[in-house]
file structure_15.txt (compact mmCIF, C-alpha atoms)
# COMPACT_ATOMS: atom_id res chain seq x y z
CA MET A 161 108.40 101.26 102.78
CA SER A 162 111.71 100.37 104.37
CA PHE A 163 112.38 97.08 106.06
CA SER A 164 116.12 97.14 106.29
CA PRO A 165 117.63 95.80 109.49
CA PRO A 166 120.68 97.49 110.98
CA SER A 167 123.81 96.92 108.95
CA GLY A 168 126.00 94.03 109.99
CA VAL A 169 123.49 92.19 112.18
CA VAL A 170 122.98 88.46 112.09
CA CYS A 171 119.69 87.03 110.90
CA ALA A 172 117.76 85.56 113.83
CA LYS A 173 116.32 82.87 111.61
CA CYS A 174 119.28 81.53 109.61
CA SER A 175 122.28 83.19 111.32
CA ALA A 176 123.55 84.56 108.01
CA ARG A 177 125.11 87.98 108.18
CA VAL A 178 122.68 90.67 107.12
CA GLU A 179 124.31 93.50 105.22
CA THR A 180 122.27 96.55 104.44
CA THR A 181 123.59 97.86 101.17
CA ALA A 182 122.52 100.31 98.56
CA SER A 183 121.46 97.59 96.21
CA ALA A 184 120.21 95.01 98.66
CA ASP A 185 117.92 96.44 101.29
CA PHE A 186 115.97 93.23 101.50
CA GLY A 187 117.01 92.17 104.98
CA CYS A 188 118.45 88.68 105.03
CA LEU A 189 119.37 87.70 101.46
CA ALA A 190 119.70 84.06 102.43
CA CYS A 191 116.14 83.91 103.78
CA TRP A 192 114.76 85.43 100.58
CA LEU A 193 116.62 82.86 98.49
CA GLN A 194 115.78 80.03 100.85
CA ALA A 195 112.10 80.76 100.30
CA GLY A 196 112.56 79.81 96.65
CA LEU A 197 114.42 76.68 97.61
CA GLU A 198 112.15 75.47 100.36
CA GLU A 199 109.31 73.31 99.38
CA SER A 200 109.94 73.77 95.68
CA SER A 201 107.59 70.90 95.02
CA GLN A 202 105.07 72.51 97.36
CA VAL A 203 105.30 75.74 95.38
CA ALA A 204 104.39 73.88 92.23
CA ALA A 205 101.67 71.96 94.03
CA GLU A 206 100.15 75.16 95.40
CA GLU A 207 100.14 76.74 91.94
CA HIS A 208 98.69 73.60 90.43
CA GLU A 209 95.90 73.53 93.02
CA GLN A 210 94.81 76.98 91.89
CA VAL A 211 94.37 75.83 88.28
CA PRO A 212 90.83 74.60 87.61
CA LYS A 213 90.48 71.15 86.07
CA SER A 214 87.97 72.39 83.54
CA LEU A 215 86.09 75.47 82.39
CA GLY A 216 82.90 74.81 80.53
CA SER A 217 83.61 72.13 78.00
CA TYR A 218 87.37 72.77 78.12
CA PHE A 219 89.44 70.30 80.13
CA ILE A 220 92.99 71.34 80.94
CA LEU A 221 95.40 68.54 80.02
CA LYS A 222 98.04 67.25 82.40
CA GLN A 223 101.70 66.58 82.00
CA PRO A 224 103.02 63.08 82.77
CA ASP A 225 103.86 64.29 86.28
CA GLY A 226 100.27 65.38 86.87
CA SER A 227 100.87 69.11 86.58
CA PRO A 228 98.67 71.29 84.34
CA TRP A 229 100.12 71.55 80.83
CA ALA A 230 101.14 75.20 80.61
CA LEU A 231 102.15 76.54 77.20
CA GLY A 232 103.07 80.04 78.20
CA ARG A 233 102.64 82.57 80.94
CA GLY A 234 102.58 86.33 81.20
CA ALA A 235 101.71 89.02 83.70
CA MET A 236 97.99 88.65 83.09
CA GLY A 237 97.68 84.92 83.09
CA VAL A 238 98.72 81.52 81.84
CA THR A 239 97.86 79.62 78.67
CA TYR A 240 97.30 75.86 78.93
CA ARG A 241 96.95 72.99 76.50
CA ALA A 242 93.34 71.83 76.83
CA GLU A 243 90.70 69.83 75.06
CA ASP A 244 87.24 70.84 74.01
CA VAL A 245 85.46 67.66 75.07
CA SER A 246 82.28 68.62 73.22
CA LEU A 247 83.94 69.02 69.82
CA ARG A 248 86.87 66.75 70.67
CA ARG A 249 89.54 69.11 69.49
CA PRO A 250 92.66 70.47 71.16
CA VAL A 251 92.64 74.12 72.19
CA ALA A 252 94.92 76.67 73.81
CA LEU A 253 93.10 77.90 76.89
CA LYS A 254 94.22 81.24 78.27
CA LEU A 255 93.22 81.92 81.87
CA ILE A 256 93.37 85.36 83.37
CA ASN A 257 94.78 85.43 86.91
CA ALA A 258 92.13 84.95 89.59
CA ASP A 259 93.20 88.22 91.16
CA PHE A 260 92.37 90.06 87.96
CA ALA A 261 89.04 88.40 87.66
CA GLN A 262 88.00 89.20 91.21
CA HIS A 263 89.56 92.57 91.84
CA GLY A 264 91.23 93.99 88.78
CA ALA A 265 88.37 95.38 86.75
CA GLY A 266 90.72 97.37 84.53
CA ALA A 267 92.95 94.42 83.79
CA ARG A 268 89.91 92.24 83.19
CA GLU A 269 88.57 94.72 80.68
CA ARG A 270 91.97 94.66 78.98
CA PHE A 271 91.75 90.91 78.70
CA VAL A 272 88.30 91.18 77.12
CA ARG A 273 89.54 93.79 74.65
CA GLU A 274 92.48 91.60 73.74
CA ALA A 275 90.20 88.61 73.16
CA ARG A 276 87.81 90.65 71.02
CA ALA A 277 90.65 92.09 68.99
CA ALA A 278 92.10 88.62 68.40
CA ALA A 279 88.66 87.28 67.49
CA SER A 280 88.27 89.97 64.82
CA LEU A 281 91.34 88.71 62.96
CA ARG A 282 91.04 86.19 60.18
CA HIS A 283 94.24 84.94 58.62
CA PRO A 284 95.97 81.58 58.12
CA ASN A 285 98.85 82.80 60.25
CA VAL A 286 96.72 84.02 63.14
CA ALA A 287 95.30 81.64 65.74
CA THR A 288 91.52 81.69 65.75
CA VAL A 289 89.73 82.67 68.94
CA TYR A 290 86.97 80.13 69.62
CA GLN A 291 85.36 81.50 72.74
CA PHE A 292 85.69 84.00 75.53
CA GLY A 293 83.91 83.26 78.78
CA ILE A 294 83.64 83.79 82.51
CA ASP A 295 83.06 80.93 84.93
CA GLU A 296 79.96 81.91 86.92
CA GLU A 297 81.06 80.20 90.12
CA THR A 298 84.61 81.47 90.37
CA GLY A 299 84.58 84.53 88.10
CA GLN A 300 87.50 83.02 86.21
CA CYS A 301 87.91 84.60 82.77
CA PHE A 302 89.12 82.38 79.99
CA CYS A 303 89.76 82.50 76.28
CA ALA A 304 89.81 79.37 74.10
CA MET A 305 91.96 79.61 71.00
CA GLU A 306 93.17 77.47 68.16
CA LEU A 307 96.13 75.35 69.25
CA ILE A 308 98.97 75.58 66.78
CA GLU A 309 101.30 72.60 66.96
CA GLY A 310 104.92 73.15 66.12
CA GLU A 311 107.86 75.16 67.23
CA THR A 312 107.91 78.07 69.61
CA LEU A 313 108.78 81.45 68.12
CA ASP A 314 112.14 81.26 69.82
CA GLU A 315 112.84 77.98 68.06
CA ARG A 316 111.41 79.16 64.76
CA VAL A 317 113.21 82.45 64.34
CA PRO A 318 116.57 81.99 62.68
CA SER A 319 119.16 82.88 65.27
CA ARG A 320 121.57 84.22 62.70
CA GLY A 321 122.22 84.64 59.02
CA LYS A 322 120.58 86.53 56.25
CA SER A 323 117.28 84.72 56.64
CA ARG A 324 116.46 86.50 59.88
CA PRO A 325 115.41 89.89 58.42
CA ARG A 326 113.51 88.05 55.70
CA PHE A 327 111.71 85.99 58.34
CA TRP A 328 110.54 89.09 60.19
CA SER A 329 109.69 90.91 56.98
CA ARG A 330 107.38 88.12 55.89
CA ARG A 331 105.73 87.82 59.30
CA SER A 332 105.22 91.56 59.58
CA ARG A 333 103.60 91.63 56.17
CA ALA A 334 101.35 88.72 57.11
CA SER A 335 100.31 90.50 60.32
CA SER A 336 99.55 93.74 58.54
CA ILE A 337 97.38 91.92 56.01
CA ALA A 338 95.52 90.12 58.81
CA THR A 339 94.74 93.35 60.59
CA MET B 144 99.41 83.25 68.38
CA VAL B 145 99.90 80.41 70.79
CA GLN B 146 102.46 77.85 69.88
CA ALA B 147 102.54 74.43 71.49
CA PRO B 148 106.09 73.77 72.56
CA LYS B 149 107.84 70.53 71.80
CA ALA B 150 108.98 70.05 75.35
CA THR B 151 106.95 67.94 77.68
CA THR B 152 107.56 69.73 80.92
CA VAL B 153 105.86 72.84 82.19
CA ASP B 154 108.92 74.65 83.40
CA ASP B 155 111.34 73.79 80.66
CA GLY B 156 112.89 77.22 80.58
CA GLN B 157 111.41 78.50 77.37
CA PHE B 158 109.95 81.47 79.19
CA ALA B 159 112.73 81.95 81.66
CA ALA B 160 115.82 81.53 79.48
CA THR B 161 115.89 85.26 79.04
CA ARG B 162 119.49 85.92 79.97
CA TRP B 163 120.90 83.61 77.33
CA THR B 164 118.28 84.82 74.91
CA ILE B 165 119.39 88.40 75.45
CA VAL B 166 122.99 87.52 74.80
CA ARG B 167 122.07 85.62 71.67
CA ALA B 168 119.85 88.43 70.44
CA ALA B 169 122.56 90.98 71.07
CA GLY B 170 125.05 88.83 69.20
CA ASP B 171 123.12 88.45 65.98
CA SER B 172 125.02 90.28 63.27
CA GLN B 173 121.85 90.74 61.25
CA ILE B 174 119.92 92.36 64.02
CA ALA B 175 119.19 96.05 63.86
CA SER B 176 121.69 98.05 65.87
CA ASN B 177 119.02 99.66 68.04
CA HIS B 178 117.64 96.23 68.86
CA ALA B 179 121.08 94.98 69.84
CA GLY B 180 121.55 98.12 71.88
CA ALA B 181 118.31 97.55 73.73
CA ALA B 182 119.28 93.95 74.49
CA LEU B 183 122.67 95.08 75.72
CA SER B 184 121.13 97.83 77.80
CA GLU B 185 118.88 95.32 79.54
CA LEU B 186 121.86 93.16 80.45
CA CYS B 187 123.73 96.19 81.75
CA HIS B 188 120.89 97.34 83.93
CA ILE B 189 120.52 93.94 85.54
CA TYR B 190 124.12 92.95 86.06
CA TRP B 191 126.35 95.99 86.13
CA ARG B 192 126.43 96.22 89.93
CA PRO B 193 127.87 92.74 90.61
CA LEU B 194 130.49 93.27 87.94
CA TYR B 195 131.39 96.77 89.08
CA LEU B 196 131.70 95.71 92.72
CA TYR B 197 133.83 92.75 91.69
CA LEU B 198 136.22 95.10 89.92
CA ARG B 199 136.35 97.50 92.85
CA ARG B 200 137.17 94.67 95.25
CA GLU B 201 139.84 93.47 92.84
CA GLY B 202 141.53 96.78 93.39
CA PHE B 203 140.51 98.87 90.43
CA GLY B 204 139.95 102.52 91.18
CA LEU B 205 136.63 104.28 90.84
CA GLU B 206 137.09 105.50 87.29
CA ASP B 207 138.83 102.38 86.07
CA ALA B 208 136.08 100.16 87.47
CA GLN B 209 133.42 102.32 85.84
CA ASP B 210 135.22 102.37 82.51
CA LEU B 211 135.87 98.66 82.58
CA THR B 212 132.26 97.86 83.47
CA GLN B 213 130.98 99.96 80.61
CA GLY B 214 133.69 98.77 78.26
CA PHE B 215 132.93 95.17 79.11
CA PHE B 216 129.32 95.39 77.98
CA ALA B 217 130.29 97.32 74.87
CA GLU B 218 132.96 94.75 74.08
CA LEU B 219 130.46 91.98 74.60
CA ILE B 220 128.67 93.33 71.54
CA ARG B 221 131.61 94.59 69.52
CA ASP B 222 133.87 91.58 69.86
CA ARG B 223 131.01 89.08 69.76
CA SER B 224 132.86 86.98 72.30
CA TYR B 225 129.49 85.75 73.54
CA ARG B 226 129.31 83.73 70.37
CA ARG B 227 131.75 81.43 72.09
CA ALA B 228 129.45 81.18 75.09
CA ASP B 229 127.83 77.81 75.13
CA ARG B 230 124.58 77.83 76.98
CA GLN B 231 124.81 74.08 77.34
CA LYS B 232 127.99 74.33 79.34
CA GLY B 233 127.36 76.65 82.15
CA ARG B 234 125.51 79.06 84.30
CA PHE B 235 125.05 82.60 83.17
CA ARG B 236 126.62 83.88 86.38
CA SER B 237 129.85 82.01 85.64
CA PHE B 238 129.82 83.01 81.99
CA LEU B 239 129.49 86.71 82.74
CA LEU B 240 132.20 86.71 85.41
CA GLY B 241 134.51 84.63 83.22
CA ALA B 242 133.95 86.97 80.29
CA LEU B 243 134.71 89.98 82.52
CA LYS B 244 137.98 88.44 83.70
CA HIS B 245 138.95 87.72 80.12
CA PHE B 246 138.09 91.27 79.11
CA VAL B 247 140.08 92.75 81.99
CA ALA B 248 143.11 90.58 81.20
CA ASN B 249 143.03 91.70 77.58
CA SER B 250 142.61 95.32 78.62
CA ARG B 251 145.65 95.05 80.88
CA GLU B 252 147.73 93.47 78.17
CA SER B 253 146.88 95.98 75.54
CA ALA B 254 146.79 98.88 77.97
CA GLN B 255 143.70 100.04 76.24
CA ARG B 256 141.62 100.91 79.22
CA GLN B 257 140.13 103.82 77.41
CA LYS B 258 136.60 104.88 78.09
CA ARG B 259 134.22 102.70 76.17
CA GLY B 260 130.59 101.96 76.18
CA GLY B 261 129.26 105.05 74.54
CA GLY B 262 127.39 106.20 77.62
CA LEU B 263 125.63 102.87 77.80
CA ILE B 264 125.45 102.85 81.55
CA ARG B 265 127.23 106.12 82.25
CA GLU B 266 123.98 107.58 83.51
CA LEU B 267 123.86 104.87 86.17
CA PHE B 268 127.05 106.16 87.76
CA ASP B 269 125.61 109.32 89.23
CA ASP B 270 127.09 110.75 92.41
CA ARG B 271 124.51 109.21 94.71
CA ILE B 272 124.89 105.72 93.29
CA VAL B 273 128.67 105.94 93.31
CA SER B 274 128.75 107.04 96.94
CA GLU B 275 126.31 104.26 97.91
CA LEU B 276 128.43 101.69 96.14
CA GLU B 277 131.58 103.03 97.78
CA ALA B 278 129.94 102.66 101.18
CA GLN B 279 129.11 99.10 100.22
CA VAL B 280 132.70 98.43 99.17
CA GLN B 281 133.96 99.83 102.48
CA SER B 282 131.50 97.94 104.67
CA THR B 283 132.18 94.59 103.03
CA GLN B 284 135.93 94.47 103.11
CA GLN B 285 135.88 91.05 104.72
CA TRP B 286 134.47 89.55 101.52
CA SER B 287 136.52 88.43 98.56
CA ALA B 288 135.76 89.81 95.11
CA SER B 289 133.99 86.61 94.08
CA THR B 290 131.90 86.55 97.27
CA LEU B 291 130.92 90.17 96.77
CA PHE B 292 130.01 89.35 93.16
CA ASP B 293 127.90 86.34 94.17
CA ARG B 294 126.07 88.27 96.90
CA GLU B 295 125.34 91.12 94.55
CA TRP B 296 124.23 88.62 91.91
CA ALA B 297 121.75 87.21 94.43
CA ALA B 298 120.56 90.75 95.14
CA ALA B 299 120.08 91.34 91.40
CA LEU B 300 117.94 88.19 91.20
CA LEU B 301 115.81 89.43 94.07
CA HIS B 302 115.46 92.88 92.52
CA GLN B 303 114.25 91.32 89.30
CA THR B 304 111.87 88.99 91.11
CA LEU B 305 110.33 91.67 93.30
CA ASP B 306 110.07 94.10 90.39
CA ARG B 307 108.14 91.53 88.39
CA LEU B 308 105.86 90.79 91.33
CA ALA B 309 105.31 94.50 91.88
CA GLN B 310 104.36 94.91 88.21
CA GLU B 311 101.90 92.05 88.41
CA CYS B 312 100.32 93.53 91.52
CA ALA B 313 100.15 96.96 89.87
CA LEU B 314 98.34 95.45 86.89
CA ALA B 315 95.82 93.93 89.30
CA GLY B 316 95.43 97.24 91.15
CA LYS B 317 97.05 95.79 94.24
CA SER B 318 100.15 97.91 94.67
CA PRO B 319 99.20 99.06 98.19
CA LEU B 320 98.65 95.45 99.22
CA PHE B 321 102.03 94.45 97.79
CA GLU B 322 103.80 97.25 99.62
CA GLU B 323 102.22 96.25 102.92
CA LEU B 324 103.02 92.54 102.59
CA ARG B 325 106.32 92.77 100.70
CA ALA B 326 108.54 92.60 103.77
CA HIS B 327 107.00 89.29 104.81
CA LEU B 328 107.03 87.43 101.53
CA ALA B 329 110.18 85.48 102.36
CA GLY B 330 108.62 84.20 105.57
CA THR B 331 107.05 80.81 106.00
CA ASN B 332 104.66 81.74 108.78
CA ASP B 333 102.69 84.77 109.87
CA GLU B 334 104.78 85.56 112.92
CA GLY B 335 105.33 89.28 113.12
CA VAL B 336 102.78 90.19 110.49
CA ALA B 337 100.50 92.92 111.87
CA TYR B 338 97.40 91.82 110.03
CA ASP B 339 95.08 93.93 112.17
CA GLU B 340 96.98 97.14 111.46
CA ILE B 341 97.27 96.39 107.76
CA SER B 342 93.60 95.50 107.72
CA ARG B 343 92.73 98.96 109.07
CA ARG B 344 95.01 100.72 106.64
CA LEU B 345 93.77 98.87 103.58
CA GLN B 346 90.14 98.43 104.67
CA ARG B 347 90.51 94.72 103.96
CA SER B 348 89.64 91.91 106.34
CA ALA B 349 92.45 90.09 108.14
CA VAL B 350 91.15 86.78 106.81
CA THR B 351 91.41 88.03 103.24
CA LEU B 352 94.87 89.44 103.96
CA ARG B 353 96.08 86.03 105.14
CA SER B 354 94.82 84.56 101.91
CA ASP B 355 96.54 87.38 99.96
CA MET B 356 99.76 86.63 101.79
CA GLY B 357 99.62 82.97 100.86
CA ARG B 358 99.07 83.78 97.19
CA LEU B 359 101.80 86.42 97.08
CA ARG B 360 104.30 84.12 98.79
CA THR B 361 103.52 81.37 96.33
CA ARG B 362 103.91 83.75 93.41
CA TYR B 363 107.13 85.23 94.79
CA ARG B 364 108.69 81.79 95.10
CA ALA B 365 107.58 80.83 91.59
CA LEU B 366 108.97 84.06 90.11
CA LEU B 367 112.27 83.69 91.96
CA ARG B 368 112.67 80.18 90.57
CA GLU B 369 111.84 81.49 87.09
CA GLU B 370 114.52 84.16 87.41
CA VAL B 371 117.10 81.60 88.51
CA ARG B 372 115.92 79.24 85.77
CA GLY B 373 116.82 81.92 83.26
CA THR B 374 120.46 81.77 84.34
CA VAL B 375 121.07 78.02 84.36
CA THR B 376 120.99 75.35 81.71
CA GLU B 377 118.80 72.68 83.21
CA LEU B 378 115.71 72.90 85.35
CA ALA B 379 117.37 70.60 87.86
CA GLU B 380 120.08 73.23 88.38
CA VAL B 381 117.70 75.78 89.87
CA ASP B 382 117.88 74.22 93.33
CA ASP B 383 121.66 73.83 93.05
CA GLU B 384 122.09 77.49 92.09
CA LEU B 385 119.86 78.66 94.94
CA ARG B 386 121.70 76.41 97.38
CA TYR B 387 125.04 77.71 96.14
CA LEU B 388 124.01 81.34 96.61
CA CYS B 389 122.54 80.58 100.05
CA GLN B 390 125.79 78.86 100.99
CA VAL B 391 127.90 81.80 99.85
CA ILE B 392 125.77 84.19 101.89
CA ALA B 393 125.75 81.96 104.95
CA GLN B 394 129.52 81.53 104.90
CA SER B 395 130.39 85.15 104.26

call {"tool": "encode", "arguments": {"input": "structure_15.txt", "output": "structure tokens"}}
result
Amino acid sequence: MSFSPPSGVVCAKCSARVETTASADFGCLACWLQAGLEESSQVAAEEHEQVPKSLGSYFILKQPDGSPWALGRGAMGVTYRAEDVSLRRPVALKLINADFAQHGAGARERFVREARAAASLRHPNVATVYQFGIDEETGQCFCAMELIEGETLDERVPSRGKSRPRFWSRRSRASSIAT
Amino acid sequence: MVQAPKATTVDDGQFAATRWTIVRAAGDSQIASNHAGAALSELCHIYWRPLYLYLRREGFGLEDAQDLTQGFFAELIRDRSYRRADRQKGRFRSFLLGALKHFVANSRESAQRQKRGGGLIRELFDDRIVSELEAQVQSTQQWSASTLFDREWAAALLHQTLDRLAQECALAGKSPLFEELRAHLAGTNDEGVAYDEISRRLQRSAVTLRSDMGRLRTRYRALLREEVRGTVTELAEVDDELRYLCQVIAQS
């Protein structure tokens, strides 16, 4: 689908010059960038509104600024720091995107397979899967896992030196044993 | 395995600091050569256009600009000059352009502008791409080399952002929806959006489409900010970087 305006025209909205080029057939570059700048707090607020406060007995914890405490995000969903209020223990709660849950049957099945595969692993170096579930009201899929406190992988992996190959060698061996 | 990060903010850059991470990964002397090559290749594919166009506007000929662009990325690995790059001191955009200038100056001094890069991005310079880029160089003669670089950098950010959004939509089985709404994602209202026509084409109600649009716009903005976050040091710099790029585009 092409939506390139004629080369050299001026954007009716922001008056920036619109240049149709081989690598930038977006229309007005400034308007595309401005969208990321405008209402940056509103963007966060809109995303936050879409995050449920709780799923079953799992309550998603908040940051000091009131935003949901996200630990990581990927194409399929976001993982939050949460608390199992029944057992009073911290958990990592992975939520599959609402779009997947409602419309993406294939992606949803992938999420289930991933959760089952993770649940089948037992090893000190593998986070335990506590529960996989679907919220009946919203169809939201979630997976509660053991929350490992500590460094991120990026922080943990030696950035240089001879210890780096050794680090990966040990982790690979641990993973192969677990599986 | 899920690791709880030390940081206390949601968007602290640990997921978005990919550009610096790539450079660091490529610079690790202990890393396997194919891994370093893959990291380098990713950098090339994202940023070779801004750098190439900068060189062309600076007056380098077609072949020289191609050789220098390829040689620059190869040198980035070989010379390990990125080891001197301090993520705490700057934006990735400035680092890459500064490193290119340094590389070009050294190449001029030593007159060693031989072909380098080992075919790293040679395949990108096919006839069609080269002629498109030449048309771009010709149609933007009013812009300085740095302006052309900044505009193309902004375009690279948008490419990355829209590619990621397209992949997410594909995973959710919503590629047709994305293609229909893509042109309107930068908008802030629904003016000009032919919901009724799209509704007929996709067999999806106009009400649902409006909701889809809202979600996609929100996600687009979040992804764009993540992409920019990956090229700056502090979260607070995201707005500044976006404002800078908007300003460059508005004034050019």

call {"tool": "atom_distance", "arguments": {"input": "structure_15.txt", "atom1": "atom CA of B:Tyr363", "atom2": "atom CA of B:Trp296"}}
result
17.7 Å

call {"tool": "atom_distance", "arguments": {"input": "structure_15.txt", "atom1": "atom CA of A:Ser280", "atom2": "atom CA of A:Leu307"}}
result
17.2 Å

call {"tool": "residues_around", "arguments": {"input": "structure_15.txt", "residues": "B:Tyr338", "least_positions_apart": "6", "cutoff": "10 Å", "atoms": "only C-alpha atoms", "output": "number ranges by chain"}}
result
B: 323-324, 344, 347-353

call {"tool": "closest_residue", "arguments": {"input": "structure_15.txt", "among": "B:Thr212, B:Ser342, B:Ser237, B:Ser354", "to": "chain A", "atoms": "all atoms listed in the file"}}
result
B:Ser354

call {"tool": "atom_distance", "arguments": {"input": "structure_15.txt", "atom1": "atom CA of B:Glu380", "atom2": "atom CA of B:Gly330"}}
result
23.4 Å

call {"tool": "residues_around", "arguments": {"input": "structure_15.txt", "residues": "stretch 297-305 of chain A", "least_positions_apart": "4", "cutoff": "6 Å", "atoms": "all atoms listed in the file", "output": "list in words"}}
result
Val251, Ala252, Leu253, Lys254, Leu255, Ile256, Ala261, Thr288, Val289, Tyr290, Gln291, Phe292 and Gly293 of chain A

call {"tool": "closest_residue", "arguments": {"input": "structure_15.txt", "among": "A:Ala190, A:Cys174, A:Ala242, A:Ile308", "to": "A:Lys213", "atoms": "all atoms listed in the file"}}
result
A:Ala242
